[in-house]
Every structure is written in C-alpha cells, then in structure tokens.
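Scroll down for the structure; my scribbles are underneath it.
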Amino acid sequence: MFEAEVRRAPFDVAAAHARLSALGPGVGAVVLFTGQVRDEPLFLEHYPGMAERQMAARIAEARARWPLLGALAIHRFGALDVGELIVLVGTASAHRAAAFESAAFLMDWLKTSAPFWKRGRAGWVEARASDDAAARRWLPSKGEG
Amino acid sequence: MTVRLLYFAWVREMVGAEAEQLPLAEPLPLGELVARLRARSEGHARALAEPARLRAAVNQDFAGWDALVRPGDEVALFPPVTGG
C-alpha cells in the first residue's frame, strides 16, 4: 500500500497504523509521524490536484530509496484548531532504519514541496529556511554519484 | 489558445482572483508570462512584483522562471509552501 490523501476531515491514526502493520508477515517495523496545530488556530489552503500529485511523487521517491512494504501520507486542509492533527506520514518495512529514515525523508519533503499554505491570526505563515535545509540533507552529496 | 492561471494564498488575495485565463498563441518563458501578467491590474503588479518571493508550477509540477509555458498549460503562482 502506497497512498497519498488530502482531506478536510480528521483522520484515524490507529486505523493508519493498523493498515501499515497488516501489510504482510514481512513487516517488522512501522513508523508513524503526526504533525499538529500548535499555539493558535490555523487555516490551511491547498492546491487540489498538485497536492496529491506531489505527495504521491515523494512516496514514489521514498519507495525507490528504501526497502519499504508500505507508505502513507495524509494531509488536511481547512480550518484547524490547536491540537488538531494536520499531517500523518507512515512507513512500514522489515527493519526500523528504513522505516525511520523514509518517514523523516517524506516529512521533510512534504514541508517544502506539498502545496499547502498556513494562515494564522497575524496572516500567512512565512516559509522557514530551516525547512529547506532539512529537505536538502536528503540530496545526494557531491562525489556520491 | 489560452493558459489557465491559478493563484494561492496571499498571491490570490492581492490579485483578487483564484483563477483566470490568459490568451497565449506561442510558447513563452514563465518569467515573461509573469511580466505580462503584471500589466493586468494594480493587484497583479503588487502580487507579482518580486519573483524571489514567489514559486510557480506548470501543470502541477514546480517550475523555474525559464520554463516554457505552452498554450493549454496550467500555471500556478504562489508563495513558498508552508504545509506539514
């Protein structure tokens, strides 16, 4: 199962975990990351179509890079209150390293390539250079081929 | 032929529209297309004044200012993304 989903409604974290862990007898590790609204309510705007397309592309890249048995990315849009979950990334693999690393890779790239924009009380949230840096660490270093 | 234009976040607010059409007969570099759009209204001029503050997608993939836009393409202009 390799899936990207964009939705307004809340998602079920336990159900996401259950789907990943039930992918077969070879699954030995499942990593789930969830991101949530902090400090103040947010409104999330998105680009329908491109959001799903970019999330699916990042999942395909993760799949090519790590021995994954499944990966799932869910991102919400619309009005979200403090404490509500915005995003879920989940990966399943035989061993923990691939599951941990690919989940971090997916989250870092979703932050910089999935077309969502947050608006808070003070207006549109500015992009952070630290997010770009986090994504860039996954690029091949010079000389590595 | 036309190009379908989409705007998001503060670019959408400044332009005052979420979507519009631009007549286009020949392929045109994205940067030149944006320069042409600036002449459409004061809002366009303000929203698109600084390309360094903008990101763009052509047919739902990120594109640089030298990318060629063709008649029939979907072009989106927006601020750097802040999801996750």
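Identifiers in the structure tokens: chain A, B, ... in order shown; residue index from 1 per chain; ligand index from 1 in order shown.
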Within 10 Å of chain A, which residues of chain B show up when using only C-alpha atoms, listed as a PDB file with N, CA and C atoms, in the first residue's frame?
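This went into iface-v9.pdb:
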```pdb
ATOM      1  N   LEU B   6      -3.679  29.952 -11.961  1.00  0.00           N
ATOM      2  CA  LEU B   6      -4.209  29.748 -10.610  1.00  0.00           C
ATOM      3  C   LEU B   6      -3.328  30.509  -9.621  1.00  0.00           C
ATOM      4  N   TYR B   7      -3.959  31.110  -8.622  1.00  0.00           N
ATOM      5  CA  TYR B   7      -3.224  31.849  -7.589  1.00  0.00           C
ATOM      6  C   TYR B   7      -3.619  31.309  -6.226  1.00  0.00           C
ATOM      7  N   PHE B   8      -2.643  31.280  -5.320  1.00  0.00           N
ATOM      8  CA  PHE B   8      -2.921  30.775  -3.975  1.00  0.00           C
ATOM      9  C   PHE B   8      -2.376  31.713  -2.903  1.00  0.00           C
ATOM     10  N   ALA B   9      -2.994  31.577  -1.710  1.00  0.00           N
ATOM     11  CA  ALA B   9      -2.583  32.301  -0.504  1.00  0.00           C
ATOM     12  C   ALA B   9      -2.556  33.816  -0.768  1.00  0.00           C
ATOM     13  N   TRP B  10      -1.491  34.526  -0.316  1.00  0.00           N
ATOM     14  CA  TRP B  10      -1.546  35.997  -0.462  1.00  0.00           C
ATOM     15  C   TRP B  10      -1.443  36.446  -1.916  1.00  0.00           C
ATOM     16  N   ALA B  57       4.293  26.684 -10.518  1.00  0.00           N
ATOM     17  CA  ALA B  57       4.138  25.315 -11.019  1.00  0.00           C
ATOM     18  C   ALA B  57       3.531  25.383 -12.413  1.00  0.00           C
ATOM     19  N   VAL B  58       4.013  24.513 -13.294  1.00  0.00           N
ATOM     20  CA  VAL B  58       3.416  24.357 -14.615  1.00  0.00           C
ATOM     21  C   VAL B  58       2.886  22.930 -14.684  1.00  0.00           C
ATOM     22  N   ASN B  59       1.606  22.811 -14.937  1.00  0.00           N
ATOM     23  CA  ASN B  59       0.941  21.501 -14.977  1.00  0.00           C
ATOM     24  C   ASN B  59       1.207  20.696 -13.696  1.00  0.00           C
ATOM     25  N   GLN B  60       1.146  21.415 -12.562  1.00  0.00           N
ATOM     26  CA  GLN B  60       1.203  20.819 -11.219  1.00  0.00           C
ATOM     27  C   GLN B  60       2.575  20.256 -10.819  1.00  0.00           C
ATOM     28  N   ASP B  61       3.631  20.693 -11.537  1.00  0.00           N
ATOM     29  CA  ASP B  61       4.989  20.405 -11.093  1.00  0.00           C
ATOM     30  C   ASP B  61       5.730  21.732 -10.930  1.00  0.00           C
ATOM     31  N   PHE B  62       6.609  21.819  -9.918  1.00  0.00           N
ATOM     32  CA  PHE B  62       7.377  23.050  -9.715  1.00  0.00           C
ATOM     33  C   PHE B  62       8.173  23.378 -10.970  1.00  0.00           C
ATOM     34  N   ALA B  76       0.457  27.900 -12.054  1.00  0.00           N
ATOM     35  CA  ALA B  76       0.065  28.378 -10.724  1.00  0.00           C
ATOM     36  C   ALA B  76       1.177  29.227 -10.139  1.00  0.00           C
ATOM     37  N   PHE B  78       2.340  31.187  -6.478  1.00  0.00           N
ATOM     38  CA  PHE B  78       2.013  31.141  -5.048  1.00  0.00           C
ATOM     39  C   PHE B  78       3.260  31.431  -4.213  1.00  0.00           C
ATOM     40  N   PRO B  79       3.072  31.688  -2.903  1.00  0.00           N
ATOM     41  CA  PRO B  79       4.238  31.871  -2.028  1.00  0.00           C
ATOM     42  C   PRO B  79       4.895  30.520  -1.752  1.00  0.00           C
ATOM     43  N   PRO B  80       6.132  30.527  -1.220  1.00  0.00           N
ATOM     44  CA  PRO B  80       6.749  29.258  -0.785  1.00  0.00           C
ATOM     45  C   PRO B  80       5.779  28.510   0.135  1.00  0.00           C
ATOM     46  N   VAL B  81       5.728  27.186   0.004  1.00  0.00           N
ATOM     47  CA  VAL B  81       4.708  26.412   0.713  1.00  0.00           C
ATOM     48  C   VAL B  81       5.033  26.325   2.208  1.00  0.00           C
ATOM     49  N   THR B  82       3.980  26.186   3.015  1.00  0.00           N
ATOM     50  CA  THR B  82       4.148  26.149   4.472  1.00  0.00           C
ATOM     51  C   THR B  82       3.271  25.075   5.115  1.00  0.00           C
ATOM     52  N   GLY B  83       3.117  23.940   4.430  1.00  0.00           N
ATOM     53  CA  GLY B  83       2.292  22.866   4.993  1.00  0.00           C
ATOM     54  C   GLY B  83       3.060  22.031   5.994  1.00  0.00           C
ATOM     55  N   GLY B  84       2.514  20.868   6.284  1.00  0.00           N
ATOM     56  CA  GLY B  84       3.158  19.914   7.187  1.00  0.00           C
ATOM     57  C   GLY B  84       2.890  20.205   8.638  1.00  0.00           C
TER      58      GLY B  84
END
```
Name the residues in contact with Arg36 of chain B at a cut-off of 12 Å, using only C-alpha atoms, excluding same-chain residues fewer than 3 positions from it; report them as a ChimeraX atom specification.
/B:22-24,28-33,39-41,44-45,48-49
Let me see the file: selected residues, N, CA and C atoms, as an mmCIF file, in the first residue's frame.
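And here's again-v4.cif as it stands now:
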```cif
data_model
loop_
_atom_site.group_PDB
_atom_site.id
_atom_site.type_symbol
_atom_site.label_atom_id
_atom_site.label_comp_id
_atom_site.auth_asym_id
_atom_site.auth_seq_id
_atom_site.Cartn_x
_atom_site.Cartn_y
_atom_site.Cartn_z
ATOM 1 N N LEU B 22 -5.355 33.406 -19.662
ATOM 2 C CA LEU B 22 -4.504 34.343 -20.401
ATOM 3 C C LEU B 22 -4.379 33.811 -21.831
ATOM 4 N N PRO B 23 -4.718 34.657 -22.804
ATOM 5 C CA PRO B 23 -4.539 34.214 -24.182
ATOM 6 C C PRO B 23 -3.049 33.988 -24.467
ATOM 7 N N LEU B 24 -2.724 32.888 -25.130
ATOM 8 C CA LEU B 24 -1.323 32.595 -25.453
ATOM 9 C C LEU B 24 -1.273 31.808 -26.755
ATOM 10 N N LEU B 28 6.031 30.498 -24.229
ATOM 11 C CA LEU B 28 6.627 31.692 -23.632
ATOM 12 C C LEU B 28 7.304 31.304 -22.315
ATOM 13 N N PRO B 29 8.532 31.805 -22.077
ATOM 14 C CA PRO B 29 9.154 31.509 -20.771
ATOM 15 C C PRO B 29 8.276 32.029 -19.632
ATOM 16 N N LEU B 30 8.220 31.253 -18.561
ATOM 17 C CA LEU B 30 7.381 31.590 -17.415
ATOM 18 C C LEU B 30 7.651 33.005 -16.897
ATOM 19 N N GLY B 31 8.934 33.398 -16.847
ATOM 20 C CA GLY B 31 9.285 34.733 -16.356
ATOM 21 C C GLY B 31 8.657 35.833 -17.206
ATOM 22 N N GLU B 32 8.602 35.607 -18.515
ATOM 23 C CA GLU B 32 7.997 36.612 -19.398
ATOM 24 C C GLU B 32 6.482 36.636 -19.253
ATOM 25 N N LEU B 33 5.926 35.461 -19.018
ATOM 26 C CA LEU B 33 4.482 35.380 -18.797
ATOM 27 C C LEU B 33 4.103 36.177 -17.543
ATOM 28 N N ALA B 39 0.974 43.588 -15.888
ATOM 29 C CA ALA B 39 0.301 44.722 -16.529
ATOM 30 C C ALA B 39 -1.222 44.619 -16.438
ATOM 31 N N ARG B 40 -1.725 43.499 -15.910
ATOM 32 C CA ARG B 40 -3.179 43.290 -15.925
ATOM 33 C C ARG B 40 -3.933 44.197 -14.951
ATOM 34 N N SER B 41 -3.361 44.419 -13.778
ATOM 35 C CA SER B 41 -4.036 45.274 -12.783
ATOM 36 C C SER B 41 -3.014 45.692 -11.739
ATOM 37 N N HIS B 44 -2.293 42.635 -9.614
ATOM 38 C CA HIS B 44 -1.318 41.744 -10.256
ATOM 39 C C HIS B 44 0.091 42.301 -10.080
ATOM 40 N N ALA B 45 0.231 43.601 -10.325
ATOM 41 C CA ALA B 45 1.555 44.235 -10.263
ATOM 42 C C ALA B 45 2.153 44.075 -8.866
ATOM 43 N N LEU B 48 2.916 40.231 -7.977
ATOM 44 C CA LEU B 48 3.954 39.586 -8.789
ATOM 45 C C LEU B 48 5.219 40.443 -8.899
ATOM 46 N N ALA B 49 5.326 41.465 -8.039
ATOM 47 C CA ALA B 49 6.436 42.416 -8.145
ATOM 48 C C ALA B 49 7.792 41.756 -7.915
#
```
Kindly indicate which residue among B:Arg53, B:Asp66, B:Glu74, B:Thr2 lies nearest to Glu26 of chain B, using only C-alpha atoms for the distances.
B:Thr2
Kindly indicate which residue among B:Val69, B:Ala47, B:Leu54, B:Val34 lies nearest to Ala17 of chain B, using only C-alpha atoms for the distances.
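Comparing B:Val69, B:Ala47, B:Leu54, B:Val34 against Ala17 of chain B, the winner is B:Ala47.
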Please indicate the distance in Å from atom CA of Ala73 of chain A to atom CA of Gly26 of chain A, rounded to one decimal place.
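For atom CA of Ala73 of chain A relative to atom CA of Gly26 of chain A, the distance reads 20.9 Å.
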Mind the document's chain letters and residue numbers, and return as a list in words the residues of segment 6-82 of chain B that DSSP labels helix (DSSP H, G or I).
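Taking segment 6-82 of chain B and keeping helix (DSSP H, G or I) only, one gets Ala9, Trp10, Val11, Arg12, Glu13, Met14, Val15, Leu30, Gly31, Glu32, Leu33, Val34, Ala35, Arg36, Leu37, Arg38, Glu42, Gly43, His44, Ala45, Arg46, Ala47, Pro51, Ala52 and Arg53 of chain B.
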Please save C-alpha atoms of the selected residues as a tab-separated table (two decimals), in the first residue's frame.
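Output below, filename selection.tsv:
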```tsv
chain	number	residue	atom	x	y	z
B	9	ALA	CA	-2.58	32.30	-0.50
B	10	TRP	CA	-1.55	36.00	-0.46
B	11	VAL	CA	-0.92	35.97	-4.20
B	12	ARG	CA	-4.61	35.07	-4.70
B	13	GLU	CA	-5.68	37.78	-2.25
B	14	MET	CA	-3.58	40.50	-3.90
B	15	VAL	CA	-4.56	39.54	-7.44
B	30	LEU	CA	7.38	31.59	-17.42
B	31	GLY	CA	9.29	34.73	-16.36
B	32	GLU	CA	8.00	36.61	-19.40
B	33	LEU	CA	4.48	35.38	-18.80
B	34	VAL	CA	4.65	36.76	-15.24
B	35	ALA	CA	5.92	40.11	-16.57
B	36	ARG	CA	2.96	40.20	-18.95
B	37	LEU	CA	0.57	39.44	-16.05
B	38	ARG	CA	1.90	42.38	-14.02
B	42	GLU	CA	-2.57	47.06	-9.80
B	43	GLY	CA	-3.20	43.90	-7.75
B	44	HIS	CA	-1.32	41.74	-10.26
B	45	ALA	CA	1.55	44.23	-10.26
B	46	ARG	CA	1.77	44.18	-6.46
B	47	ALA	CA	1.41	40.39	-6.08
B	51	PRO	CA	9.63	36.86	-8.28
B	52	ALA	CA	12.07	35.88	-5.49
B	53	ARG	CA	9.09	35.78	-3.09
```
Counting only C-alpha atoms, which residue out of A:Met1, A:Ala133, A:Leu139, A:Ala94 sits closest to Val30 of chain A?
A:Ala94
Using DSSP on the backbone, list every residue of segment 14-137 of chain A that comes out as strand (DSSP E), and give them as a PyMOL selection string.
chain A and resi 29-36+42-46+68-76+78-80+85-93+116-120+123-124
